[in-house]
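Dumped entry.txt below, it's compact mmCIF, C-alpha atoms and all ligand atoms:
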```txt
# COMPACT_ATOMS: atom_id res chain seq x y z
CA MET H 678 37.33 195.13 124.87
CA VAL H 679 36.10 192.29 127.07
CA ASP H 680 33.74 190.00 125.19
CA PHE H 681 32.20 186.88 126.73
CA THR H 682 30.57 185.81 123.46
CA LEU H 683 31.49 182.28 122.42
CA THR H 684 32.36 181.54 118.79
CA ASP H 685 29.93 179.47 116.73
CA GLU H 686 32.37 176.55 116.95
CA GLN H 687 32.53 176.83 120.74
CA LYS H 688 28.73 176.95 120.98
CA ASP H 689 28.43 173.89 118.73
CA ILE H 690 30.91 171.90 120.80
CA ARG H 691 29.22 172.95 124.04
CA ASP H 692 25.85 171.86 122.60
CA LEU H 693 27.36 168.54 121.50
CA ALA H 694 28.72 167.95 125.02
CA HIS H 695 25.42 168.98 126.63
CA ASP H 696 23.47 166.71 124.33
CA PHE H 697 25.83 163.83 125.08
CA ALA H 698 25.52 164.46 128.84
CA GLU H 699 21.74 164.60 128.63
CA LYS H 700 21.20 161.54 126.42
CA GLU H 701 24.13 159.22 127.20
CA ILE H 702 25.20 160.11 130.75
CA ARG H 703 22.25 161.40 132.82
CA PRO H 704 19.91 158.43 132.20
CA VAL H 705 22.45 155.97 133.64
CA ALA H 706 24.48 158.18 136.02
CA TRP H 707 22.64 157.23 139.20
CA ASP H 708 22.90 153.49 138.42
CA TYR H 709 26.63 153.83 137.76
CA ASP H 710 26.97 155.72 141.04
CA ARG H 711 25.03 153.11 143.03
CA ASP H 712 26.98 150.16 141.64
CA ALA H 713 30.34 151.95 141.12
CA THR H 714 30.28 150.60 137.56
CA TRP H 715 33.10 151.40 135.14
CA PRO H 716 31.60 153.45 132.24
CA GLN H 717 33.45 151.72 129.38
CA GLU H 718 30.53 152.01 126.97
CA ILE H 719 30.18 155.74 127.58
CA ILE H 720 33.93 156.26 127.15
CA GLU H 721 33.78 154.56 123.76
CA LYS H 722 30.82 156.67 122.66
CA ALA H 723 32.41 159.93 123.88
CA TRP H 724 35.62 159.06 122.05
CA GLU H 725 33.62 158.27 118.91
CA VAL H 726 31.84 161.65 118.87
CA GLY H 727 35.10 163.53 119.56
CA LEU H 728 34.59 164.65 123.15
CA MET H 729 37.86 163.18 124.47
CA ASN H 730 41.48 164.33 124.15
CA SER H 731 40.37 167.84 123.23
CA HIS H 732 43.82 169.39 123.83
CA ILE H 733 45.82 166.97 121.70
CA ALA H 734 47.06 168.90 118.67
CA GLU H 735 45.84 168.02 115.16
CA GLU H 736 49.36 166.97 114.14
CA HIS H 737 49.13 164.24 116.80
CA GLY H 738 45.65 163.12 115.80
CA GLY H 739 43.58 165.20 118.25
CA PRO H 740 41.14 168.05 117.60
CA GLY H 741 43.58 170.66 118.98
CA LEU H 742 40.85 172.63 120.73
CA ASP H 743 41.69 175.66 122.86
CA TYR H 744 41.58 175.49 126.65
CA LEU H 745 38.39 177.56 126.97
CA THR H 746 36.55 175.14 124.68
CA GLY H 747 37.92 172.26 126.77
CA CYS H 748 36.36 173.95 129.83
CA LEU H 749 32.99 174.18 128.06
CA ILE H 750 33.10 170.42 127.43
CA GLU H 751 34.12 169.66 131.02
CA GLU H 752 31.31 171.76 132.47
CA GLU H 753 28.69 169.93 130.43
CA LEU H 754 30.09 166.48 131.22
CA GLY H 755 30.25 167.45 134.91
CA TRP H 756 26.62 168.53 134.65
CA GLY H 757 25.80 165.04 133.33
CA CYS H 758 27.85 163.16 135.96
CA SER H 759 31.21 164.30 137.26
CA GLY H 760 32.29 160.72 138.03
CA ILE H 761 31.85 159.70 134.41
CA GLY H 762 33.17 163.14 133.37
CA THR H 763 36.36 162.58 135.37
CA SER H 764 36.90 159.24 133.61
CA LEU H 765 36.45 160.94 130.24
CA MET H 766 38.70 163.90 130.97
CA CYS H 767 41.62 162.27 132.78
CA ASN H 768 43.62 161.81 129.56
CA GLY H 769 44.09 165.59 129.55
CA LEU H 770 45.90 165.47 132.91
CA ALA H 771 48.15 162.57 131.90
CA SER H 772 48.89 164.11 128.49
CA ALA H 773 49.76 167.63 129.61
CA PRO H 774 53.31 166.82 130.87
CA VAL H 775 53.97 164.91 127.63
CA GLY H 776 52.73 167.93 125.65
CA ILE H 777 54.98 170.29 127.61
CA GLY H 778 58.12 168.17 128.02
CA GLY H 779 57.86 165.09 125.80
CA SER H 780 59.99 164.45 122.71
CA GLU H 781 58.32 164.33 119.30
CA GLU H 782 58.69 160.50 119.34
CA LEU H 783 56.90 160.23 122.70
CA LYS H 784 54.08 162.51 121.56
CA LYS H 785 53.66 160.53 118.38
CA GLU H 786 53.59 157.17 120.13
CA TYR H 787 51.61 157.96 123.27
CA PHE H 788 49.17 160.56 121.93
CA GLY H 789 48.65 158.21 118.98
CA MET H 790 47.51 155.50 121.40
CA LEU H 791 44.81 157.83 122.73
CA THR H 792 43.62 159.21 119.42
CA GLU H 793 43.61 155.98 117.40
CA GLU H 794 41.57 154.02 119.93
CA PRO H 795 39.49 154.87 123.00
CA LYS H 796 42.41 154.23 125.34
CA LEU H 797 43.22 155.94 128.61
CA ALA H 798 46.23 157.34 130.43
CA SER H 799 46.77 158.30 134.08
CA PHE H 800 48.77 160.90 135.98
CA CYS H 801 50.79 159.36 138.83
CA LEU H 802 51.96 162.02 141.25
CA THR H 803 50.35 161.31 144.62
CA GLU H 804 51.72 158.71 147.04
CA PRO H 805 50.45 157.36 150.36
CA ASP H 806 52.79 159.78 152.22
CA ALA H 807 53.00 162.55 149.60
CA GLY H 808 49.75 164.32 148.69
CA SER H 809 49.85 168.11 148.96
CA ASP H 810 53.57 167.82 149.76
CA VAL H 811 54.74 166.64 146.36
CA SER H 812 58.43 166.82 147.33
CA GLY H 813 57.84 164.13 149.98
CA MET H 814 57.47 161.42 147.33
CA ARG H 815 59.46 158.19 147.76
CA THR H 816 59.21 156.64 144.31
CA THR H 817 62.66 156.53 142.72
CA ALA H 818 64.02 156.37 139.20
CA VAL H 819 67.62 155.24 138.75
CA LYS H 820 69.51 155.46 135.45
CA LYS H 821 71.05 152.13 134.39
CA GLY H 822 72.70 152.29 130.97
CA ASP H 823 70.08 153.33 128.46
CA LYS H 824 67.21 152.57 130.85
CA TRP H 825 65.49 154.12 133.85
CA VAL H 826 64.47 151.73 136.62
CA ILE H 827 61.42 152.86 138.60
CA ASN H 828 60.38 151.67 142.07
CA GLY H 829 57.52 152.94 144.20
CA THR H 830 53.80 153.13 144.84
CA LYS H 831 51.32 155.76 143.67
CA CYS H 832 47.82 156.15 145.10
CA PHE H 833 44.47 157.79 144.23
CA ILE H 834 45.27 157.36 140.54
CA THR H 835 42.27 158.23 138.38
CA ASN H 836 41.62 155.62 135.66
CA GLY H 837 44.63 153.71 137.06
CA SER H 838 43.15 150.23 136.53
CA HIS H 839 42.23 150.95 132.91
CA ALA H 840 45.12 153.13 131.67
CA SER H 841 47.39 152.04 128.82
CA TRP H 842 50.17 154.33 130.02
CA TYR H 843 51.11 156.47 132.97
CA THR H 844 52.91 159.74 133.55
CA VAL H 845 54.99 158.90 136.62
CA TYR H 846 56.91 161.28 138.89
CA ALA H 847 59.92 159.92 140.74
CA LYS H 848 62.92 161.07 142.71
CA THR H 849 66.07 161.12 140.59
CA ASP H 850 68.07 162.89 143.30
CA LYS H 851 66.86 161.96 146.79
CA GLU H 852 68.78 164.76 148.51
CA ALA H 853 67.54 167.61 146.32
CA GLY H 854 63.91 168.04 147.49
CA HIS H 855 61.67 169.43 144.78
CA ARG H 856 64.73 169.91 142.55
CA GLY H 857 65.34 166.13 142.50
CA ILE H 858 62.09 164.98 140.87
CA SER H 859 61.74 163.84 137.24
CA ALA H 860 58.76 162.75 135.14
CA PHE H 861 58.50 159.71 132.86
CA VAL H 862 56.10 157.92 130.55
CA VAL H 863 55.56 154.32 131.65
CA PRO H 864 53.57 151.88 129.51
CA ARG H 865 51.08 149.74 131.44
CA ASP H 866 52.45 146.55 129.92
CA ALA H 867 56.00 147.14 131.19
CA ASP H 868 57.15 144.32 133.48
CA GLY H 869 56.68 145.19 137.16
CA VAL H 870 53.63 147.48 136.84
CA THR H 871 50.76 146.25 139.03
CA VAL H 872 47.35 147.60 139.92
CA ASP H 873 47.11 146.85 143.64
CA LYS H 874 43.77 148.21 144.76
CA LYS H 875 40.64 149.90 143.52
CA GLU H 876 39.23 152.40 146.03
CA ASP H 877 35.60 152.36 147.21
CA LYS H 878 34.66 156.04 147.30
CA LEU H 879 32.11 158.45 148.80
CA GLY H 880 31.40 160.14 145.48
CA GLN H 881 32.29 160.09 141.79
CA ARG H 882 31.80 156.37 142.12
CA ALA H 883 31.78 155.72 138.38
CA SER H 884 35.39 156.89 138.15
CA ASP H 885 38.19 154.44 138.80
CA THR H 886 40.67 155.35 141.55
CA ALA H 887 43.52 152.90 142.00
CA MET H 888 46.81 152.24 143.71
CA ILE H 889 49.61 151.38 141.28
CA SER H 890 52.99 149.87 142.10
CA PHE H 891 56.17 150.01 140.05
CA ASN H 892 58.57 147.22 140.93
CA ASP H 893 61.92 147.42 139.11
CA VAL H 894 60.10 148.74 136.06
CA GLU H 895 62.54 149.38 133.21
CA ILE H 896 61.73 152.03 130.63
CA PRO H 897 63.86 153.49 127.82
CA ALA H 898 66.00 156.55 128.66
CA GLY H 899 63.99 158.51 126.09
CA ASN H 900 60.81 158.21 128.22
CA LEU H 901 62.07 161.02 130.45
CA LEU H 902 59.80 164.07 130.11
CA GLY H 903 61.68 167.35 129.87
CA GLU H 904 64.93 167.69 131.76
CA GLU H 905 66.12 165.44 134.55
CA ASN H 906 65.27 166.88 138.00
CA LYS H 907 62.80 169.39 136.52
CA GLY H 908 59.74 167.21 137.13
CA PHE H 909 58.33 169.31 139.99
CA LYS H 910 57.97 172.34 137.73
CA LEU H 911 56.48 170.13 135.04
CA ALA H 912 53.87 168.97 137.57
CA MET H 913 53.06 172.56 138.59
CA MET H 914 52.84 173.69 134.95
CA THR H 915 50.56 170.72 134.26
CA LEU H 916 48.23 171.62 137.12
CA ASP H 917 48.09 175.25 135.92
CA ARG H 918 46.78 173.86 132.62
CA THR H 919 44.33 171.31 134.01
CA ARG H 920 42.83 173.18 136.97
CA PRO H 921 40.62 175.34 134.69
CA GLY H 922 39.03 172.16 133.30
CA VAL H 923 38.53 170.51 136.66
CA SER H 924 37.06 173.78 137.97
CA ALA H 925 34.68 173.75 135.01
CA MET H 926 33.52 170.31 136.10
CA ALA H 927 32.78 171.76 139.56
CA VAL H 928 30.69 174.44 137.82
CA GLY H 929 28.82 171.66 136.01
CA ILE H 930 27.96 169.96 139.33
CA ALA H 931 26.91 173.31 140.80
CA GLN H 932 24.75 174.15 137.78
CA ALA H 933 23.03 170.77 138.01
CA ALA H 934 22.32 171.18 141.75
CA PHE H 935 21.07 174.72 141.19
CA GLU H 936 18.67 173.57 138.43
CA TYR H 937 17.30 170.71 140.53
CA ALA H 938 16.78 172.98 143.57
CA ARG H 939 15.20 175.75 141.49
CA ASP H 940 12.73 173.40 139.81
CA TYR H 941 11.87 171.51 143.00
CA SER H 942 11.24 174.77 144.89
CA LYS H 943 8.53 175.65 142.37
CA GLU H 944 6.79 172.25 142.78
CA ARG H 945 7.02 171.56 146.50
CA VAL H 946 4.15 173.12 148.44
CA GLN H 947 4.43 173.98 152.13
CA PHE H 948 2.28 176.40 154.14
CA GLY H 949 -0.09 176.53 151.15
CA VAL H 950 2.39 177.88 148.56
CA PRO H 951 5.34 176.55 146.54
CA ILE H 952 8.41 176.88 148.74
CA ALA H 953 9.92 179.17 146.07
CA MET H 954 7.49 181.78 147.40
CA HIS H 955 9.27 181.78 150.76
CA GLN H 956 12.07 184.31 151.00
CA ALA H 957 14.33 181.88 152.88
CA ILE H 958 14.32 179.61 149.81
CA GLN H 959 14.52 182.49 147.33
CA PHE H 960 17.72 183.76 148.95
CA MET H 961 19.30 180.29 148.78
CA ILE H 962 18.39 179.98 145.11
CA ALA H 963 19.70 183.50 144.42
CA ASP H 964 23.03 182.76 146.14
CA MET H 965 23.38 179.52 144.16
CA ALA H 966 22.81 181.39 140.90
CA THR H 967 25.39 184.07 141.75
CA LYS H 968 28.01 181.52 142.78
CA VAL H 969 27.55 179.51 139.57
CA GLU H 970 27.94 182.65 137.44
CA ALA H 971 31.00 183.89 139.34
CA ALA H 972 32.69 180.48 139.29
CA ARG H 973 32.06 180.12 135.55
CA LEU H 974 33.62 183.52 134.86
CA LEU H 975 36.74 182.60 136.86
CA VAL H 976 36.97 179.33 134.92
CA TRP H 977 36.68 181.11 131.58
CA GLN H 978 39.31 183.64 132.61
CA SER H 979 41.76 180.93 133.68
CA GLY H 980 41.25 179.06 130.38
CA ALA H 981 41.39 182.21 128.23
CA LEU H 982 44.73 183.25 129.75
CA LEU H 983 46.20 179.90 128.69
CA ASP H 984 44.82 180.38 125.20
CA GLN H 985 46.61 183.75 125.10
CA GLY H 986 49.87 182.00 126.03
CA LYS H 987 49.97 183.70 129.43
CA ARG H 988 50.83 182.23 132.83
CA ASN H 989 47.60 181.50 134.70
CA THR H 990 48.78 180.14 138.06
CA LEU H 991 46.85 182.70 140.10
CA ALA H 992 43.75 182.60 137.89
CA SER H 993 43.59 178.80 137.87
CA SER H 994 43.88 178.64 141.67
CA HIS H 995 41.17 181.30 142.02
CA ALA H 996 38.97 179.23 139.69
CA LYS H 997 39.68 175.90 141.38
CA ARG H 998 39.24 177.22 144.91
CA PHE H 999 36.07 179.16 144.23
CA ALA H 1000 34.40 176.68 141.87
CA ALA H 1001 35.10 173.70 144.16
CA ASP H 1002 33.99 175.44 147.36
CA SER H 1003 30.92 176.85 145.58
CA ALA H 1004 29.98 173.41 144.23
CA MET H 1005 30.15 172.05 147.78
CA GLU H 1006 28.08 174.90 149.22
CA ILE H 1007 25.52 174.78 146.42
CA THR H 1008 25.02 171.03 146.61
CA VAL H 1009 24.63 171.16 150.41
CA ASP H 1010 22.04 173.92 149.94
CA ALA H 1011 20.27 171.93 147.22
CA VAL H 1012 19.84 169.08 149.72
CA GLN H 1013 18.46 171.67 152.16
CA VAL H 1014 15.94 172.93 149.60
CA TYR H 1015 14.75 169.34 149.09
CA GLY H 1016 14.43 168.98 152.88
CA GLY H 1017 14.16 165.36 154.09
CA TYR H 1018 13.80 164.16 150.50
CA GLY H 1019 17.24 165.58 149.74
CA PHE H 1020 18.71 162.94 152.07
CA ILE H 1021 17.05 160.08 150.21
CA LYS H 1022 18.86 158.33 147.37
CA GLU H 1023 15.71 158.24 145.26
CA TYR H 1024 16.15 162.01 144.77
CA PRO H 1025 19.02 163.40 142.70
CA VAL H 1026 20.81 165.89 144.91
CA GLU H 1027 22.56 163.74 147.54
CA LYS H 1028 24.71 162.23 144.77
CA LEU H 1029 25.74 165.72 143.68
CA MET H 1030 26.70 166.59 147.26
CA ARG H 1031 28.89 163.49 147.51
CA ASP H 1032 30.42 164.12 144.08
CA ALA H 1033 31.19 167.77 144.89
CA LYS H 1034 33.40 166.86 147.86
CA ILE H 1035 36.23 165.54 145.71
CA MET H 1036 36.41 168.86 143.86
CA GLN H 1037 37.82 170.39 147.08
CA LEU H 1038 40.41 167.60 147.28
CA TYR H 1039 41.81 166.45 143.93
CA GLU H 1040 44.19 168.43 141.71
CA GLY H 1041 45.11 170.44 144.79
CA THR H 1042 42.92 170.89 147.88
CA SER H 1043 41.12 174.18 148.48
CA GLN H 1044 43.76 174.88 151.13
CA ILE H 1045 46.58 174.39 148.58
CA GLN H 1046 44.78 176.76 146.19
CA ARG H 1047 44.64 179.37 148.97
CA LEU H 1048 48.35 178.81 149.60
CA VAL H 1049 49.12 179.42 145.92
CA ILE H 1050 46.84 182.47 145.86
CA ALA H 1051 48.44 183.91 149.00
CA ARG H 1052 51.94 183.43 147.60
CA GLU H 1053 51.03 184.91 144.23
CA VAL H 1054 49.35 187.88 145.87
CA LEU H 1055 51.91 188.51 148.62
CA MET H 1056 55.15 187.54 146.88
CA PRO H 1057 54.58 187.49 143.11
CA ARG H 1058 57.25 185.35 141.49
CA ARG H 1059 58.54 185.40 137.96
CA VAL H 1060 58.49 181.83 136.67
CA GLU H 1061 59.99 181.20 133.29
CA GLU H 1062 58.16 178.61 131.26
CA PRO H 1063 57.34 178.01 127.62
CA ALA H 1064 54.10 179.54 126.38
CA ALA H 1065 51.06 177.36 126.92
CA ALA H 1066 51.23 175.11 123.89
CA ALA H 1067 48.52 172.61 123.10
CA ALA H 1068 49.43 169.05 123.97
N1 LIG A 1 54.74 176.91 137.31
C1 LIG A 1 56.09 176.76 137.14
N2 LIG A 1 56.92 176.63 138.21
C2 LIG A 1 56.40 176.66 139.45
C3 LIG A 1 55.03 176.83 139.67
C4 LIG A 1 54.18 176.96 138.55
N3 LIG A 1 52.89 177.11 138.69
N4 LIG A 1 54.80 176.81 141.01
C5 LIG A 1 55.98 176.65 141.61
N5 LIG A 1 56.95 176.59 140.65
C6 LIG A 1 58.39 176.44 140.87
C7 LIG A 1 58.92 177.57 141.76
O1 LIG A 1 59.29 178.70 141.00
C8 LIG A 1 60.10 176.92 142.43
O2 LIG A 1 61.18 176.94 141.50
P1 LIG A 1 62.74 176.90 141.95
O3 LIG A 1 63.08 175.47 142.18
O4 LIG A 1 63.46 177.45 140.77
O5 LIG A 1 62.86 177.74 143.18
C9 LIG A 1 59.67 175.47 142.58
O6 LIG A 1 58.64 175.25 141.61
C10 LIG A 1 59.15 175.15 143.97
O7 LIG A 1 58.07 176.01 144.26
P2 LIG A 1 57.52 176.21 145.75
O8 LIG A 1 58.63 176.66 146.62
O9 LIG A 1 56.32 177.08 145.66
O10 LIG A 1 57.13 174.71 146.14
P3 LIG A 1 56.51 174.09 147.45
O11 LIG A 1 57.25 172.85 147.77
O12 LIG A 1 56.36 175.11 148.52
O13 LIG A 1 55.06 173.57 146.94
C11 LIG A 1 52.73 173.73 146.43
C12 LIG A 1 54.12 174.39 146.41
C13 LIG A 1 52.30 173.35 147.83
C14 LIG A 1 51.80 174.76 145.86
C15 LIG A 1 52.77 172.47 145.53
O14 LIG A 1 53.52 171.46 146.11
C16 LIG A 1 51.40 171.95 145.17
O15 LIG A 1 50.74 172.46 144.27
N6 LIG A 1 50.95 170.90 145.89
C17 LIG A 1 49.69 170.29 145.56
C18 LIG A 1 49.88 169.16 144.62
C19 LIG A 1 48.59 168.67 144.08
O16 LIG A 1 47.81 169.41 143.49
N7 LIG A 1 48.34 167.38 144.26
C20 LIG A 1 47.14 166.80 143.77
C21 LIG A 1 47.47 165.57 143.04
S1 LIG A 1 47.52 165.78 141.35
S2 LIG A 1 45.80 164.99 140.83
```
Please express the file's structure as structure tokens.
Amino acid sequence: MVDFTLTDEQKDIRDLAHDFAEKEIRPVAWDYDRDATWPQEIIEKAWEVGLMNSHIAEEHGGPGLDYLTGCLIEEELGWGCSGIGTSLMCNGLASAPVGIGGSEELKKEYFGMLTEEPKLASFCLTEPDAGSDVSGMRTTAVKKGDKWVINGTKCFITNGSHASWYTVYAKTDKEAGHRGISAFVVPRDADGVTVDKKEDKLGQRASDTAMISFNDVEIPAGNLLGEENKGFKLAMMTLDRTRPGVSAMAVGIAQAAFEYARDYSKERVQFGVPIAMHQAIQFMIADMATKVEAARLLVWQSGALLDQGKRNTLASSHAKRFAADSAMEITVDAVQVYGGYGFIKEYPVEKLMRDAKIMQLYEGTSQIQRLVIAREVLMPRRVEEPAAAAA
């Protein structure tokens, strides 16, 4: 039986997140966007009410929520403001490799940092010359006695300026391509870690995006995540787990744009009637509604598969590709429904259009999702991996 009914607990958490988005995020979101202000106060409040670190298991101090419930939270926060939502949710991305490959000691120490205080962590994969092509990274980690020494530069790191620790990917065998990458936990206060630059962005301006350098950074041997040279797979397994959530955030943006366009079309009068009476507008609103529904169902499917302990690579790429592209299309159409006013910052939808763009870029571009989908559809591959455990 297929049943899309949420449990009472899931409904309660979704309502909590919606309420938080409506009361704490929406009233200030446009100011934060204009000024690119860091939402520290909102992070502290969200942490206080239990909306952060949803996947961290109870034994490590988190709520241990399932992935589908995490998606419900992300959609609502994305509906409030996806820039602030990205800042709130980034701990999930940084934590996932620790949850999959970290030792018990690492989980205790680094998850503890996030659950005992409203602290942040970042995921450092991308480099100036290695975006979609992860194997092209140049950061290195060299074993010296009981330490690893890390050198390199990572870019586009969400929450990078404010993180207390980083999950860092580095080459441990330069000749071995994707089979020569390993992942590590690096504390922010280690000698040689520097935040070089904060990016000035088109959208999601309340989120922090930074360039981080690691200059002869020494970390204990035990900070290796999983096995040496298995970091590429760890990154792919991480993205399988986090793409449902980021897709949910795209659904949140799309839902917000749809609601604004729907309501405005009933108020704005042209040719003597509300523009919602014109079929050209009705069809745009109808297409927005269908895309939001379809994207949400793909998101739920990709999260539910994880909760069933099943591999969700194909489902999470379907969700990410469709939800991101739909959010872009819907926000562009929302601006169109608003007409000239849609182009003016005083009205809400141009921000949503700018915010939506990053959904087609981060955590794998829409083209990378199509690549994954094509491979999974044309040449299905058996990938052995542990069942999807909570972080
Ligand atoms: N889970 C587990 N293992 C996986 C996997 C997954 N989802 N996807 C691939 N693998 C494994 C493969 O089985 C293969 O294993 P072997 O070494 O045993 O052969 C290995 O990883 C390499 O896979 P593949 O040949 O598909 O790798 P490619 O170099 O062709 O890269 C893409 C694949 C392009 C899909 C990958 O590099 C990618 O996702 N890039 C985008 C990265 C990204 O999202 N960046 C955004 C920044 S993070 S915010």
Between CA of Val775 in chain H and CA of Ala883 in chain H, what distance in Å does the model show, to one decimal?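 Here the two named atoms are 26.3 Å from each other.
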Report as a list of chain:residue names which protein, DNA and RNA residues come within 6 Å of ligand LIG 1 (chain A), using only C-alpha atoms and all ligand atoms.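 Checked against 6 Å with only C-alpha atoms and all ligand atoms; the hits are H:Leu802, H:Thr803, H:Gly808, H:Ser809, H:Asp810, H:Val811, H:Arg856, H:Lys910, H:Met913, H:Met914, H:Asp917, H:Thr990, H:Tyr1039, H:Glu1040, H:Gly1041, H:Ile1045, H:Val1049, H:Val1060.
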How many Å separate CA of Ser780 in chain H from CA of Ala898 in chain H?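 Computing the Euclidean distance for CA of Ser780 in chain H and CA of Ala898 in chain H yields 11.6 Å.
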Which residue of H:Val819, H:Val872, H:Leu749, H:Leu683 approaches Cys832 in chain H most closely, using all atoms listed in the file: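 Closest candidate: H:Val872.
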Pull the closest atom pair for each residue of range 963-1056 of chain H that gets at most 8 Å from range 932-940 of chain H, along with the distance in Å to one decimal, counting all atoms listed in the file, ordering rows by chain and then ascending residue number, as a tab-separated table.
```
residue	atom	partner	partner_atom	distance
H:Met965	CA	H:Phe935	CA	6.1
H:Ala966	CA	H:Phe935	CA	6.9
H:Val969	CA	H:Gln932	CA	6.3
H:Ile1007	CA	H:Ala934	CA	6.7
H:Thr1008	CA	H:Ala934	CA	5.6
H:Ala1011	CA	H:Ala938	CA	5.2
H:Val1012	CA	H:Ala938	CA	7.9
H:Val1014	CA	H:Ala938	CA	6.1
H:Tyr1015	CA	H:Ala938	CA	6.9
H:Pro1025	CA	H:Tyr937	CA	7.8
H:Val1026	CA	H:Ala934	CA	6.3
H:Leu1029	CA	H:Ala934	CA	6.7
```
Among the residues H:Cys801, H:Val870, H:Ala963, H:Leu911, the one that comes closest to Ala773 in chain H [using only C-alpha atoms]: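 Under the stated criterion, the closest residue is H:Leu911.
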Quick one: residues within 7 Å of Thr816 in chain H, only C-alpha atoms, excluding same-chain residues fewer than 6 positions away - as a count of residues only? 5
CA of Pro897 in chain H to CA of Glu852 in chain H, straight-line distance in Å: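 According to the coordinates, CA of Glu852 in chain H and CA of Pro897 in chain H are separated by 24.1 Å.
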Show me the residues close to (23.1, 170.3, 127.0) - anything with an atom within 12 Å, counting all atoms listed in the file - and format the list as a PyMOL selection string. chain H and resi 688-703+749-757+929+932-933
If you count only C-alpha atoms, the residue of H:Met790, H:Met1030, H:Leu975, H:Cys767 closest to Asp885 in chain H turns out to be H:Cys767
Quick one: everything within 9 Å of Asp743 in chain H, counting all atoms listed in the file, minus sequence neighbours fewer than 4 positions away in the same chain. Send it as a PyMOL selection string. chain H and resi 731-732+747-748+980-981+983-984+1067
Among the residues H:Asp1032, H:Glu735, H:Glu895, H:Glu721, the one that comes closest to Thr817 in chain H [using all atoms listed in the file]: H:Glu895
In terms of the shortest atom-to-atom distance over only C-alpha atoms, which of H:Ile1021, H:Ala818, H:Ala853, H:Ala927 is closest to Arg973 in chain H? H:Ala927
May I ask which of the residues H:Asp708, H:Ser890, H:Leu991, H:Arg918 is the closest one to Met1056 in chain H, counting all atoms listed in the file? H:Leu991
Surrounding residues of Lys722 in chain H excluding itself and chain neighbours under 2 positions, 12 Å, only C-alpha atoms, as a compact mmCIF listing (two decimals) with C-alpha atoms, keeping the file's coordinate frame:
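In the end it all went to selection.txt:
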```txt
# COMPACT_ATOMS: atom_id res chain seq x y z
CA ALA H 694 28.72 167.95 125.02
CA PHE H 697 25.83 163.83 125.08
CA ALA H 698 25.52 164.46 128.84
CA LYS H 700 21.20 161.54 126.42
CA GLU H 701 24.13 159.22 127.20
CA ILE H 702 25.20 160.11 130.75
CA PRO H 716 31.60 153.45 132.24
CA GLN H 717 33.45 151.72 129.38
CA GLU H 718 30.53 152.01 126.97
CA ILE H 719 30.18 155.74 127.58
CA ILE H 720 33.93 156.26 127.15
CA TRP H 724 35.62 159.06 122.05
CA GLU H 725 33.62 158.27 118.91
CA VAL H 726 31.84 161.65 118.87
CA GLY H 727 35.10 163.53 119.56
CA LEU H 728 34.59 164.65 123.15
CA MET H 729 37.86 163.18 124.47
CA LEU H 765 36.45 160.94 130.24
CA GLU H 794 41.57 154.02 119.93
CA PRO H 795 39.49 154.87 123.00
```
Show which residues sit within 8 Å of Asp873 in chain H, as JSON, numbers by chain. Count all atoms listed in the file, and ignore same-chain residues fewer than 5 positions away. {"H": [887, 888, 889, 890]}
